[in-house]
file protein31.tsv (TSV, C-alpha atoms and all ligand atoms)
chain	number	residue	atom	x	y	z
G	1	MET	CA	-74.21	17.37	73.07
G	2	PRO	CA	-73.30	19.55	76.05
G	3	SER	CA	-71.54	17.62	78.79
G	4	ALA	CA	-73.18	17.07	82.19
G	5	THR	CA	-73.26	20.20	84.33
G	6	PRO	CA	-74.15	20.74	87.99
G	7	PHE	CA	-75.77	24.02	87.05
G	8	SER	CA	-79.24	24.32	85.71
G	9	THR	CA	-79.23	25.69	82.19
G	10	SER	CA	-82.92	26.59	82.04
G	11	VAL	CA	-83.76	30.26	82.31
G	12	GLY	CA	-85.28	31.27	85.65
G	13	ALA	CA	-84.10	28.18	87.50
G	14	SER	CA	-81.69	28.56	90.39
G	15	ILE	CA	-78.29	26.95	90.40
G	16	GLY	CA	-78.53	23.50	91.90
G	17	PRO	CA	-76.39	20.40	92.00
G	18	ALA	CA	-77.48	17.50	89.86
G	19	GLY	CA	-75.43	14.58	91.04
G	20	PHE	CA	-72.34	16.72	91.62
G	21	ARG	CA	-70.59	17.42	94.88
G	22	ARG	CA	-71.19	20.96	96.12
G	23	SER	CA	-67.84	21.50	97.76
G	24	PHE	CA	-64.44	19.93	98.22
G	25	HIS	CA	-61.64	19.92	100.73
G	26	LEU	CA	-59.16	22.01	98.76
G	27	LEU	CA	-55.69	20.74	99.60
G	28	CYS	CA	-54.25	22.63	96.63
G	29	PRO	CA	-52.22	25.87	96.91
G	30	GLY	CA	-55.16	28.09	95.91
G	31	PRO	CA	-58.07	28.24	95.74
G	32	VAL	CA	-58.56	27.47	99.42
G	33	ASN	CA	-61.53	26.75	101.70
G	34	VAL	CA	-62.35	30.04	103.38
G	35	ASP	CA	-63.46	30.77	106.96
G	36	PRO	CA	-67.26	31.30	107.22
G	37	ARG	CA	-66.61	34.90	108.32
G	38	VAL	CA	-64.73	35.52	105.06
G	39	ALA	CA	-67.57	34.02	103.04
G	40	GLN	CA	-70.15	36.16	104.85
G	41	ALA	CA	-68.14	39.35	104.37
G	42	LEU	CA	-68.43	38.92	100.60
G	43	THR	CA	-72.09	39.94	100.61
G	44	ALA	CA	-72.31	41.81	103.93
G	45	PHE	CA	-72.44	45.30	102.39
G	46	ALA	CA	-73.69	46.95	99.25
G	47	PHE	CA	-72.13	50.29	98.43
G	48	GLY	CA	-70.69	51.97	95.39
G	49	HIS	CA	-66.96	52.19	94.92
G	50	ARG	CA	-67.03	55.95	94.40
G	51	GLU	CA	-68.50	56.40	97.90
G	52	GLU	CA	-66.86	57.17	101.21
G	53	GLU	CA	-67.54	53.61	102.47
G	54	PHE	CA	-65.25	52.25	99.78
G	55	GLU	CA	-62.57	54.82	100.54
G	56	ALA	CA	-62.58	53.75	104.19
G	57	LEU	CA	-62.40	50.08	103.15
G	58	LEU	CA	-59.43	50.70	100.84
G	59	ASP	CA	-57.57	52.56	103.61
G	60	VAL	CA	-58.08	49.71	106.08
G	61	LEU	CA	-57.11	47.06	103.53
G	62	ARG	CA	-53.88	48.84	102.59
G	63	GLU	CA	-52.97	49.23	106.26
G	64	ARG	CA	-53.77	45.66	107.20
G	65	ILE	CA	-51.64	44.28	104.37
G	66	VAL	CA	-48.64	46.18	105.77
G	67	GLN	CA	-49.51	44.95	109.29
G	68	VAL	CA	-49.69	41.31	108.19
G	69	ALA	CA	-46.32	41.79	106.46
G	70	THR	CA	-45.08	43.09	109.87
G	71	LEU	CA	-43.60	46.26	108.35
G	72	ASP	CA	-43.38	49.83	109.62
G	73	PRO	CA	-46.61	51.51	108.44
G	74	LYS	CA	-44.87	54.91	108.30
G	75	ARG	CA	-42.47	53.77	105.58
G	76	TYR	CA	-44.32	50.89	103.91
G	77	THR	CA	-47.58	50.84	102.06
G	78	SER	CA	-49.48	48.65	99.62
G	79	VAL	CA	-51.76	48.81	96.62
G	80	VAL	CA	-54.62	46.45	95.77
G	81	LEU	CA	-55.31	45.40	92.19
G	82	THR	CA	-58.35	43.58	90.84
G	83	GLY	CA	-56.79	40.59	89.09
G	84	SER	CA	-55.09	37.37	90.21
G	85	GLY	CA	-51.48	37.20	91.45
G	86	THR	CA	-50.12	37.48	87.92
G	87	ALA	CA	-51.63	40.98	87.63
G	88	ALA	CA	-49.48	42.19	90.53
G	89	ASN	CA	-46.41	40.50	89.05
G	90	GLU	CA	-47.03	42.05	85.66
G	91	SER	CA	-47.66	45.50	87.17
G	92	VAL	CA	-44.23	45.47	88.80
G	93	LEU	CA	-42.41	44.04	85.77
G	94	ALA	CA	-44.08	46.58	83.47
G	95	SER	CA	-43.59	49.58	85.76
G	96	ALA	CA	-40.41	49.21	87.83
G	97	PRO	CA	-37.50	48.53	85.46
G	98	GLY	CA	-35.71	51.53	84.00
G	99	LEU	CA	-36.31	51.82	80.26
G	100	GLY	CA	-33.50	50.27	78.25
G	101	ARG	CA	-31.92	48.71	81.35
G	102	ALA	CA	-31.48	45.01	81.95
G	103	VAL	CA	-33.80	42.98	84.16
G	104	VAL	CA	-32.39	39.80	85.68
G	105	VAL	CA	-34.92	37.05	86.48
G	106	LEU	CA	-33.93	34.03	88.59
G	107	THR	CA	-35.76	30.80	87.80
G	108	ASN	CA	-35.88	27.36	89.41
G	109	GLY	CA	-39.43	26.29	88.67
G	110	GLU	CA	-42.74	27.07	87.00
G	111	PHE	CA	-43.36	30.42	88.67
G	112	GLY	CA	-39.87	31.83	88.16
G	113	GLU	CA	-40.22	30.90	84.49
G	114	ARG	CA	-43.54	32.75	84.36
G	115	LEU	CA	-41.83	35.88	85.72
G	116	ALA	CA	-39.23	35.55	82.98
G	117	ARG	CA	-41.93	35.29	80.30
G	118	ILE	CA	-43.79	38.34	81.65
G	119	SER	CA	-40.61	40.38	81.91
G	120	THR	CA	-39.60	39.48	78.35
G	121	VAL	CA	-42.89	40.95	77.06
G	122	HIS	CA	-42.19	44.32	78.70
G	123	ASN	CA	-38.40	44.48	78.86
G	124	PRO	CA	-36.30	43.51	75.83
G	125	GLY	CA	-33.24	43.50	78.10
G	126	THR	CA	-34.44	40.58	80.22
G	127	VAL	CA	-31.68	38.16	81.22
G	128	VAL	CA	-32.72	34.85	82.76
G	129	VAL	CA	-30.54	32.96	85.24
G	130	GLU	CA	-31.96	29.49	84.76
G	131	HIS	CA	-31.75	26.58	87.15
G	132	ALA	CA	-33.28	23.12	87.02
G	133	TRP	CA	-36.65	22.94	88.78
G	134	ALA	CA	-36.37	22.59	92.57
G	135	GLN	CA	-32.64	23.26	92.46
G	136	PRO	CA	-31.40	25.83	95.03
G	137	LEU	CA	-30.20	29.09	93.45
G	138	ASP	CA	-26.53	29.27	92.51
G	139	LEU	CA	-25.58	32.60	94.12
G	140	ALA	CA	-22.17	32.73	92.41
G	141	LYS	CA	-23.89	32.49	89.02
G	142	VAL	CA	-26.38	35.18	90.11
G	143	GLU	CA	-23.57	37.53	91.16
G	144	GLU	CA	-21.67	36.96	87.93
G	145	THR	CA	-24.80	37.89	85.93
G	146	LEU	CA	-25.41	41.05	87.97
G	147	ALA	CA	-21.79	42.11	87.53
G	148	ILE	CA	-22.00	41.75	83.73
G	149	HIS	CA	-25.50	43.15	83.06
G	150	ARG	CA	-25.89	45.76	85.85
G	151	PRO	CA	-29.71	45.44	85.83
G	152	SER	CA	-32.09	48.02	87.27
G	153	LEU	CA	-34.25	45.20	88.67
G	154	VAL	CA	-33.75	41.62	89.86
G	155	ALA	CA	-36.89	39.45	90.01
G	156	MET	CA	-37.31	36.19	91.91
G	157	VAL	CA	-39.91	33.96	93.53
G	158	HIS	CA	-39.84	33.52	97.31
G	159	HIS	CA	-41.81	30.28	97.58
G	160	GLU	CA	-41.52	28.32	94.31
G	161	THR	CA	-44.97	26.74	94.46
G	162	SER	CA	-44.08	24.13	91.83
G	163	SER	CA	-41.83	22.35	94.36
G	164	GLY	CA	-42.22	23.88	97.82
G	165	LEU	CA	-38.67	25.28	97.84
G	166	LEU	CA	-38.04	28.60	99.60
G	167	ASN	CA	-35.50	30.79	97.81
G	168	PRO	CA	-32.94	32.89	99.74
G	169	VAL	CA	-34.39	36.41	99.49
G	170	ALA	CA	-31.94	38.04	101.93
G	171	ALA	CA	-28.89	36.64	100.10
G	172	VAL	CA	-30.16	37.83	96.70
G	173	GLY	CA	-31.10	41.17	98.30
G	174	ALA	CA	-27.50	41.65	99.44
G	175	LEU	CA	-26.26	41.00	95.88
G	176	ALA	CA	-28.86	43.33	94.36
G	177	ARG	CA	-27.79	46.08	96.76
G	178	LYS	CA	-24.11	45.50	95.92
G	179	TYR	CA	-24.79	45.99	92.20
G	180	GLY	CA	-27.24	48.88	92.59
G	181	ALA	CA	-30.37	46.98	91.50
G	182	GLN	CA	-33.87	46.99	92.97
G	183	LEU	CA	-35.30	43.63	94.04
G	184	PHE	CA	-38.78	42.35	93.19
G	185	VAL	CA	-40.02	39.27	95.05
G	186	ASP	CA	-43.03	37.22	93.96
G	187	GLY	CA	-44.49	36.37	97.35
G	188	VAL	CA	-47.83	35.26	95.93
G	189	SER	CA	-47.82	31.88	97.65
G	190	SER	CA	-45.76	32.69	100.76
G	191	PHE	CA	-47.33	35.91	102.10
G	192	SER	CA	-48.63	35.37	105.64
G	193	ALA	CA	-47.27	31.78	105.76
G	194	ASP	CA	-43.48	32.01	105.44
G	195	PRO	CA	-41.79	35.09	106.87
G	196	ILE	CA	-39.59	37.51	104.93
G	197	ASP	CA	-38.24	40.67	106.50
G	198	LEU	CA	-38.60	42.87	103.40
G	199	ASP	CA	-36.78	45.75	105.07
G	200	ALA	CA	-33.74	43.77	106.22
G	201	ALA	CA	-33.58	41.84	102.91
G	202	GLY	CA	-33.69	45.06	100.86
G	203	VAL	CA	-36.79	44.04	98.88
G	204	THR	CA	-38.17	46.95	96.82
G	205	PHE	CA	-41.53	45.39	95.91
G	206	MET	CA	-43.28	42.19	96.88
G	207	SER	CA	-46.42	40.87	95.21
G	208	THR	CA	-49.06	38.66	96.73
G	209	SER	CA	-52.66	37.60	96.20
G	210	SER	CA	-55.96	37.16	98.03
G	211	GLY	CA	-56.62	33.51	97.26
G	212	LYS	CA	-53.68	31.65	98.77
G	213	ALA	CA	-52.21	31.59	102.30
G	214	ILE	CA	-54.12	34.65	103.51
G	215	GLY	CA	-57.25	32.55	103.02
G	216	SER	CA	-59.70	34.59	100.99
G	217	PHE	CA	-61.20	34.20	97.52
G	218	PRO	CA	-59.04	34.54	94.39
G	219	GLY	CA	-59.29	37.66	92.24
G	220	LEU	CA	-57.28	40.35	94.00
G	221	SER	CA	-53.56	40.91	94.15
G	222	MET	CA	-51.41	43.25	96.16
G	223	VAL	CA	-48.02	44.95	95.88
G	224	ILE	CA	-46.12	45.99	99.00
G	225	GLY	CA	-43.25	48.50	99.02
G	226	THR	CA	-42.03	51.72	100.62
G	227	HIS	CA	-43.70	55.04	99.79
G	228	GLU	CA	-40.31	56.07	98.42
G	229	ALA	CA	-40.21	53.10	96.04
G	230	PHE	CA	-43.77	53.71	94.81
G	231	ARG	CA	-43.04	57.43	94.29
G	232	GLY	CA	-39.88	56.52	92.38
G	233	LEU	CA	-42.01	54.74	89.77
G	234	GLY	CA	-43.22	58.15	88.63
G	235	HIS	CA	-39.82	58.73	87.02
G	236	ARG	CA	-39.94	55.51	85.02
G	237	PRO	CA	-42.19	55.16	82.00
G	238	THR	CA	-44.68	52.30	82.28
G	239	ARG	CA	-45.33	49.77	79.52
G	240	SER	CA	-48.88	49.07	80.68
G	241	HIS	CA	-51.83	51.38	81.14
G	242	TYR	CA	-54.19	49.11	83.06
G	243	LEU	CA	-51.39	47.72	85.26
G	244	ASP	CA	-49.50	50.98	85.77
G	245	LEU	CA	-48.32	50.51	89.36
G	246	HIS	CA	-47.59	54.19	89.92
G	247	ARG	CA	-51.13	55.08	88.90
G	248	PHE	CA	-52.55	52.60	91.43
G	249	TYR	CA	-50.37	54.18	94.11
G	250	GLU	CA	-51.32	57.77	93.22
G	251	PHE	CA	-55.03	56.98	93.03
G	252	ALA	CA	-54.87	55.31	96.44
G	253	GLU	CA	-52.82	58.09	98.05
G	254	ILE	CA	-54.50	61.11	96.51
G	255	HIS	CA	-58.08	59.94	95.92
G	256	ARG	CA	-58.38	56.85	98.24
G	257	GLN	CA	-59.56	55.13	95.08
G	258	THR	CA	-58.54	52.67	92.37
G	259	PRO	CA	-58.11	53.84	88.76
G	260	ASN	CA	-60.84	51.47	87.50
G	261	THR	CA	-63.80	49.57	88.93
G	262	PRO	CA	-62.54	47.39	91.80
G	263	ALA	CA	-64.03	44.04	92.88
G	264	VAL	CA	-65.54	45.43	96.09
G	265	PRO	CA	-67.05	42.14	97.40
G	266	LEU	CA	-63.63	40.47	97.09
G	267	MET	CA	-62.10	43.40	98.97
G	268	LEU	CA	-64.62	42.96	101.79
G	269	ALA	CA	-63.73	39.28	102.01
G	270	LEU	CA	-59.98	39.98	101.92
G	271	ASN	CA	-60.40	42.58	104.64
G	272	GLU	CA	-62.04	39.94	106.84
G	273	ALA	CA	-59.29	37.40	106.09
G	274	LEU	CA	-56.59	39.94	107.00
G	275	GLY	CA	-58.53	40.74	110.17
G	276	LEU	CA	-58.63	37.05	111.10
G	277	ALA	CA	-54.86	36.77	110.59
G	278	LEU	CA	-54.27	39.80	112.81
G	279	GLU	CA	-56.64	38.45	115.48
G	280	GLU	CA	-54.77	35.15	115.55
G	281	GLY	CA	-51.38	36.89	115.47
G	282	VAL	CA	-49.12	36.74	112.43
G	283	ARG	CA	-46.38	34.77	114.16
G	284	GLU	CA	-48.83	32.35	115.81
G	285	ARG	CA	-50.49	31.78	112.46
G	286	MET	CA	-47.19	31.02	110.75
G	287	GLN	CA	-46.35	28.55	113.52
G	288	ARG	CA	-49.73	26.86	113.13
G	289	LEU	CA	-49.23	26.54	109.36
G	290	GLN	CA	-45.74	25.15	109.88
G	291	GLY	CA	-47.20	22.59	112.32
G	292	LEU	CA	-49.70	21.47	109.68
G	293	ALA	CA	-46.94	21.13	107.05
G	294	HIS	CA	-44.87	19.04	109.48
G	295	ARG	CA	-47.90	16.86	110.14
G	296	VAL	CA	-48.27	16.22	106.38
G	297	ARG	CA	-44.60	15.22	106.17
G	298	ALA	CA	-44.92	12.88	109.16
G	299	ARG	CA	-48.05	11.18	107.74
G	300	ALA	CA	-46.32	10.75	104.36
G	301	ARG	CA	-43.30	9.15	106.05
G	302	GLU	CA	-45.59	6.76	107.93
G	303	LEU	CA	-46.98	5.58	104.58
G	304	GLY	CA	-43.44	5.12	103.26
G	305	LEU	CA	-43.84	8.01	100.79
G	306	ALA	CA	-40.77	10.13	100.01
G	307	THR	CA	-40.89	13.92	99.56
G	308	LEU	CA	-39.51	15.68	96.47
G	309	LEU	CA	-37.27	17.96	98.51
G	310	GLU	CA	-34.47	16.76	100.79
G	311	ALA	CA	-34.97	17.61	104.45
G	312	SER	CA	-31.85	19.83	104.25
G	313	VAL	CA	-33.32	22.43	101.85
G	314	PRO	CA	-35.60	25.21	103.10
G	315	GLN	CA	-39.24	24.29	102.47
G	316	SER	CA	-42.38	26.35	102.76
G	317	SER	CA	-45.12	25.96	105.35
G	318	VAL	CA	-47.66	26.10	102.52
G	319	LEU	CA	-47.31	22.73	100.85
G	320	THR	CA	-45.40	19.46	100.56
G	321	SER	CA	-44.52	17.75	97.29
G	322	ILE	CA	-44.81	13.98	97.75
G	323	LEU	CA	-43.42	11.48	95.24
G	324	LEU	CA	-45.94	9.00	93.91
G	325	PRO	CA	-44.79	5.35	93.87
G	326	ASP	CA	-43.71	4.38	90.33
G	327	ASP	CA	-46.58	1.94	89.82
G	328	VAL	CA	-49.33	4.43	90.74
G	329	ASP	CA	-50.99	6.37	87.94
G	330	PHE	CA	-51.46	10.01	88.96
G	331	GLU	CA	-54.76	10.58	87.16
G	332	ALA	CA	-56.38	7.49	88.71
G	333	PHE	CA	-55.03	8.53	92.12
G	334	ARG	CA	-56.37	12.09	91.75
G	335	GLN	CA	-59.81	10.77	90.81
G	336	ALA	CA	-59.84	8.33	93.74
G	337	LEU	CA	-59.18	11.25	96.12
G	338	ARG	CA	-61.88	13.37	94.46
G	339	VAL	CA	-64.45	10.67	95.15
G	340	HIS	CA	-63.75	11.27	98.84
G	341	GLY	CA	-63.98	15.04	98.35
G	342	PHE	CA	-60.27	15.88	98.37
G	343	VAL	CA	-58.65	18.06	95.71
G	344	ILE	CA	-54.88	17.95	95.23
G	345	TYR	CA	-52.61	19.08	92.40
G	346	GLY	CA	-49.98	17.02	90.65
G	347	GLY	CA	-46.53	18.01	89.48
G	348	LYS	CA	-45.89	20.31	86.52
G	349	GLY	CA	-43.04	20.26	84.00
G	350	PRO	CA	-40.39	17.65	84.88
G	351	PHE	CA	-42.50	16.46	87.85
G	352	SER	CA	-45.63	15.79	85.82
G	353	GLY	CA	-47.19	12.45	86.78
G	354	LYS	CA	-44.45	11.79	89.35
G	355	MET	CA	-45.74	13.56	92.43
G	356	PHE	CA	-48.67	15.19	94.17
G	357	GLN	CA	-48.80	18.28	96.32
G	358	VAL	CA	-50.59	18.62	99.66
G	359	SER	CA	-51.24	22.20	100.62
G	360	THR	CA	-52.57	23.03	104.09
G	361	ILE	CA	-53.47	26.72	103.80
G	362	GLY	CA	-57.08	27.87	104.28
G	363	GLU	CA	-59.53	26.00	106.50
G	364	VAL	CA	-57.47	22.89	107.23
G	365	ASP	CA	-56.76	21.27	110.59
G	366	GLY	CA	-54.85	18.26	111.88
G	367	ASP	CA	-57.86	15.96	111.87
G	368	LEU	CA	-58.53	16.72	108.21
G	369	ILE	CA	-54.91	15.93	107.36
G	370	ASP	CA	-55.16	12.58	109.18
G	371	ALA	CA	-58.44	11.75	107.42
G	372	PHE	CA	-56.88	12.71	104.08
G	373	PHE	CA	-53.89	10.39	104.54
G	374	GLU	CA	-56.22	7.53	105.42
G	375	VAL	CA	-57.82	8.09	101.99
G	376	VAL	CA	-54.36	8.38	100.38
G	377	ARG	CA	-53.39	4.99	101.82
G	378	GLU	CA	-56.49	3.36	100.32
G	379	ALA	CA	-56.16	5.20	97.01
G	380	ILE	CA	-52.57	4.11	96.53
G	381	ALA	CA	-53.48	0.49	97.15
G	382	GLU	CA	-56.39	0.83	94.74
G	383	CYS	CA	-54.44	2.58	91.98
G	384	ARG	CA	-51.39	0.36	91.78
G	385	VAL	CA	-50.99	-0.37	88.09
G	386	GLY	CA	-52.21	-3.86	87.33
G	387	ARG	CA	-54.37	-4.19	90.46
G	388	ARG	CA	-57.45	-2.82	88.75
G	389	SER	CA	-57.36	-5.12	85.74
G	390	VAL	CA	-57.08	-8.12	88.10
G	391	ALA	CA	-60.21	-7.11	90.00
R	401	LIG	C1	-50.21	31.20	92.21
R	401	LIG	C2	-48.94	31.89	91.95
R	401	LIG	C3	-48.85	33.00	91.09
R	401	LIG	C4	-50.00	33.66	90.40
R	401	LIG	O1	-50.94	32.89	89.87
R	401	LIG	P1	-52.40	33.47	89.53
R	401	LIG	O2	-53.01	32.31	88.86
R	401	LIG	O3	-52.26	34.65	88.69
R	401	LIG	O4	-53.02	33.82	90.86
R	401	LIG	C5	-47.63	33.61	90.94
R	401	LIG	N1	-46.55	33.17	91.59
R	401	LIG	C6	-46.58	32.14	92.45
R	401	LIG	C7	-45.34	31.76	93.17
R	401	LIG	C8	-47.77	31.47	92.66
R	401	LIG	O5	-47.82	30.43	93.51
call {"tool": "encode", "arguments": {"input": "protein31.tsv", "output": "structure tokens"}}
result
Amino acid sequence: MPSATPFSTSVGASIGPAGFRRSFHLLCPGPVNVDPRVAQALTAFAFGHREEEFEALLDVLRERIVQVATLDPKRYTSVVLTGSGTAANESVLASAPGLGRAVVVLTNGEFGERLARISTVHNPGTVVVEHAWAQPLDLAKVEETLAIHRPSLVAMVHHETSSGLLNPVAAVGALARKYGAQLFVDGVSSFSADPIDLDAAGVTFMSTSSGKAIGSFPGLSMVIGTHEAFRGLGHRPTRSHYLDLHRFYEFAEIHRQTPNTPAVPLMLALNEALGLALEEGVRERMQRLQGLAHRVRARARELGLATLLEASVPQSSVLTSILLPDDVDFEAFRQALRVHGFVIYGGKGPFSGKMFQVSTIGEVDGDLIDAFFEVVREAIAECRVGRRSVA
């Protein structure tokens, strides 16, 4: 028997809800609730991607990405890939390292570990500097590894989404420069929320995606770097055809095109989301997001809930990891929140079942956060182990 579905399965019938909620407040770090203007942009135009309208769209998108990253548009540029954030990460890890050279990947959580797995597929000389999840990077250990292996590329995550920790990009950049390595930063979950000065930090490439802090739909990813860095890829053999980063750059520069069919509606929506960020002001937007994150932390404290990270470590403005009281079952808690229309994620790996994450990117405001914590208070009371069986 097929399980219940909100979508009609009969041919010719339109999609309609059958006892299912149509939408949720997404307090998870992607997907996010999008601004109505972003949703409208998705279907606002119909044109072919081999037409001049698309070429104009791609130009504007590439420029706006550099503007939102607050970089010099004469030196920096970007490429847009159809594929989630992992596509951008894999394009860099398959295209940037010199053949036969070491790649050093720094890990302190789920997403660093994913970079290590991707790099290992493409680069046999991948060396992983492992840390426990949510543990700040040990820069002495990083330097020691660079001194021994002399990698062509160092890869790290800026905002480790599995905990909320921000890693020290500028400090690693200084070490990479000292040992003659390029630096790749996974900025998928921090772009447009937590600042990095890529130029000052000596970052060669940074990846990001459409469906997180920038506030559009998932399905596109972007790589930012200098023209010089993108051109330099031409001298290094790629290990991927579809995700050949140099090819994306050349197609964009020479033809104002993508090598394969792009997801044009998603690009229209992303263009609108970037436009909204620029209208608000990048710095103002970051301050607003930080204010929302602080509000989450204050509401958690009021309920007597502790956060995973100590106040002394740098935390993102994207999300807060909140420890669940020992006697509360995560799955019951998650379901209780869903009944009220709120979607949150739990912990992964060592934090599985022990915490929940509240992300405040996308269409979220202070009132929604307050309403959410009212529901959290009730859900915790309701889900205390033992309470239910008594009732
Ligand atoms: C979400 C995320 C990714 C990419 O995930 P996709 O599912 O491919 O979009 C990569 N790195 C970080 C830090 C992330 O938060």
call {"tool": "closest_residue", "arguments": {"input": "protein31.tsv", "among": "G:Ser10, G:Asn89, G:Thr70, G:Ser192", "to": "ligand LIG 401 (chain R)", "atoms": "all atoms listed in the file"}}
result
G:Asn89
call {"tool": "closest_atom_pairs", "arguments": {"input": "protein31.tsv", "of": "chain G", "to": "ligand LIG 401 (chain R)", "cutoff": "6 Å", "atoms": "only C-alpha atoms and all ligand atoms", "output": "CSV"}}
result
residue,atom,partner,partner_atom,distance
G:Ser84,CA,R:LIG401,O4,4.2
G:Gly85,CA,R:LIG401,O4,3.8
G:Thr86,CA,R:LIG401,O3,3.6
G:Phe111,CA,R:LIG401,C7,5.1
G:Val157,CA,R:LIG401,C7,5.9
G:His159,CA,R:LIG401,C7,5.8
G:Glu160,CA,R:LIG401,C7,5.3
G:Thr161,CA,R:LIG401,O5,4.8
G:Asp186,CA,R:LIG401,N1,5.9
G:Val188,CA,R:LIG401,C6,4.8
G:Ser189,CA,R:LIG401,O5,4.4
call {"tool": "residues_around", "arguments": {"input": "protein31.tsv", "residues": "region 228-245 of chain G", "least_positions_apart": "5", "cutoff": "8 Å", "atoms": "only C-alpha atoms", "output": "MDAnalysis selection string"}}
result
chainID G and resid 75 87:88 90:92 94:99 122 204:205
call {"tool": "closest_residue", "arguments": {"input": "protein31.tsv", "among": "G:Arg101, G:Lys141, G:His158, G:Arg283", "to": "Gly125 (chain G)", "atoms": "only C-alpha atoms"}}
result
G:Arg101
call {"tool": "closest_residue", "arguments": {"input": "protein31.tsv", "among": "G:Arg377, G:Val38, G:Val223, G:Phe7", "to": "Pro265 (chain G)", "atoms": "all atoms listed in the file"}}
result
G:Val38
call {"tool": "closest_residue", "arguments": {"input": "protein31.tsv", "among": "G:Ser207, G:Thr82, G:Ser163, G:Ser316", "to": "Leu266 (chain G)", "atoms": "all atoms listed in the file"}}
result
G:Thr82
call {"tool": "residues_around", "arguments": {"input": "protein31.tsv", "residues": "Ile148 (chain G)", "least_positions_apart": "3", "cutoff": "12 Å", "atoms": "all atoms listed in the file", "output": "short mmCIF file (atom, residue, chain, number, x, y, z; two decimals) with C-alpha atoms, keeping the file's coordinate frame"}}
result
data_model
loop_
_atom_site.label_atom_id
_atom_site.label_comp_id
_atom_site.auth_asym_id
_atom_site.auth_seq_id
_atom_site.Cartn_x
_atom_site.Cartn_y
_atom_site.Cartn_z
CA ALA G 102 -31.48 45.01 81.95
CA VAL G 103 -33.80 42.98 84.16
CA VAL G 104 -32.39 39.80 85.68
CA VAL G 127 -31.68 38.16 81.22
CA LYS G 141 -23.89 32.49 89.02
CA VAL G 142 -26.38 35.18 90.11
CA GLU G 143 -23.57 37.53 91.16
CA GLU G 144 -21.67 36.96 87.93
CA THR G 145 -24.80 37.89 85.93
CA PRO G 151 -29.71 45.44 85.83
CA TYR G 179 -24.79 45.99 92.20
#
call {"tool": "residues_around", "arguments": {"input": "protein31.tsv", "residues": "Val339 (chain G)", "least_positions_apart": "6", "cutoff": "10 Å", "atoms": "all atoms listed in the file", "output": "mmCIF file with C-alpha atoms, in the frame of the given file"}}
result
data_model
loop_
_atom_site.group_PDB
_atom_site.id
_atom_site.type_symbol
_atom_site.label_atom_id
_atom_site.label_comp_id
_atom_site.auth_asym_id
_atom_site.auth_seq_id
_atom_site.Cartn_x
_atom_site.Cartn_y
_atom_site.Cartn_z
ATOM 1 C CA ARG G 21 -70.590 17.420 94.880
ATOM 2 C CA PHE G 24 -64.440 19.930 98.220
ATOM 3 C CA VAL G 375 -57.820 8.090 101.990
#
call {"tool": "closest_residue", "arguments": {"input": "protein31.tsv", "among": "G:Gln315, G:Ser78, G:Asn167, G:Asn33", "to": "Val66 (chain G)", "atoms": "all atoms listed in the file"}}
result
G:Ser78
call {"tool": "residues_around", "arguments": {"input": "protein31.tsv", "residues": "Leu183 (chain G)", "least_positions_apart": "5", "cutoff": "6 Å", "atoms": "only C-alpha atoms", "output": "number ranges by chain"}}
result
G: 153-154, 203-204
call {"tool": "residues_around", "arguments": {"input": "protein31.tsv", "residues": "Asp35 (chain G)", "least_positions_apart": "2", "cutoff": "12 Å", "atoms": "only C-alpha atoms", "output": "list in words"}}
result
Val32, Asn33, Arg37, Val38, Ala39, Gln40, Ala41, Leu42, Ile214, Gly215, Ser216, Phe217, Ala269, Leu270, Glu272, Ala273, Leu274, Gly275, Leu276, Ala277, Ile361, Gly362, Glu363 and Val364 of chain G
call {"tool": "atom_distance", "arguments": {"input": "protein31.tsv", "atom1": "CA of Gly347 (chain G)", "atom2": "CA of Asp370 (chain G)"}}
result
22.2 Å
call {"tool": "atom_distance", "arguments": {"input": "protein31.tsv", "atom1": "CA of Thr208 (chain G)", "atom2": "CA of Met222 (chain G)"}}
result
5.2 Å
call {"tool": "closest_residue", "arguments": {"input": "protein31.tsv", "among": "G:Leu137, G:Leu61, G:Ala56, G:Ala147", "to": "Pro314 (chain G)", "atoms": "all atoms listed in the file"}}
result
G:Leu137
call {"tool": "atom_distance", "arguments": {"input": "protein31.tsv", "atom1": "CA of Asp59 (chain G)", "atom2": "CA of Arg247 (chain G)"}}
result
16.3 Å
call {"tool": "residues_near_point", "arguments": {"input": "protein31.tsv", "point": "(-35.9, 31.8, 90.0)", "cutoff": "12 Å", "atoms": "only C-alpha atoms", "output": "PyMOL selection string"}}
result
chain G and resi 104-117+127-139+142+154-163+165-169+172+184-186
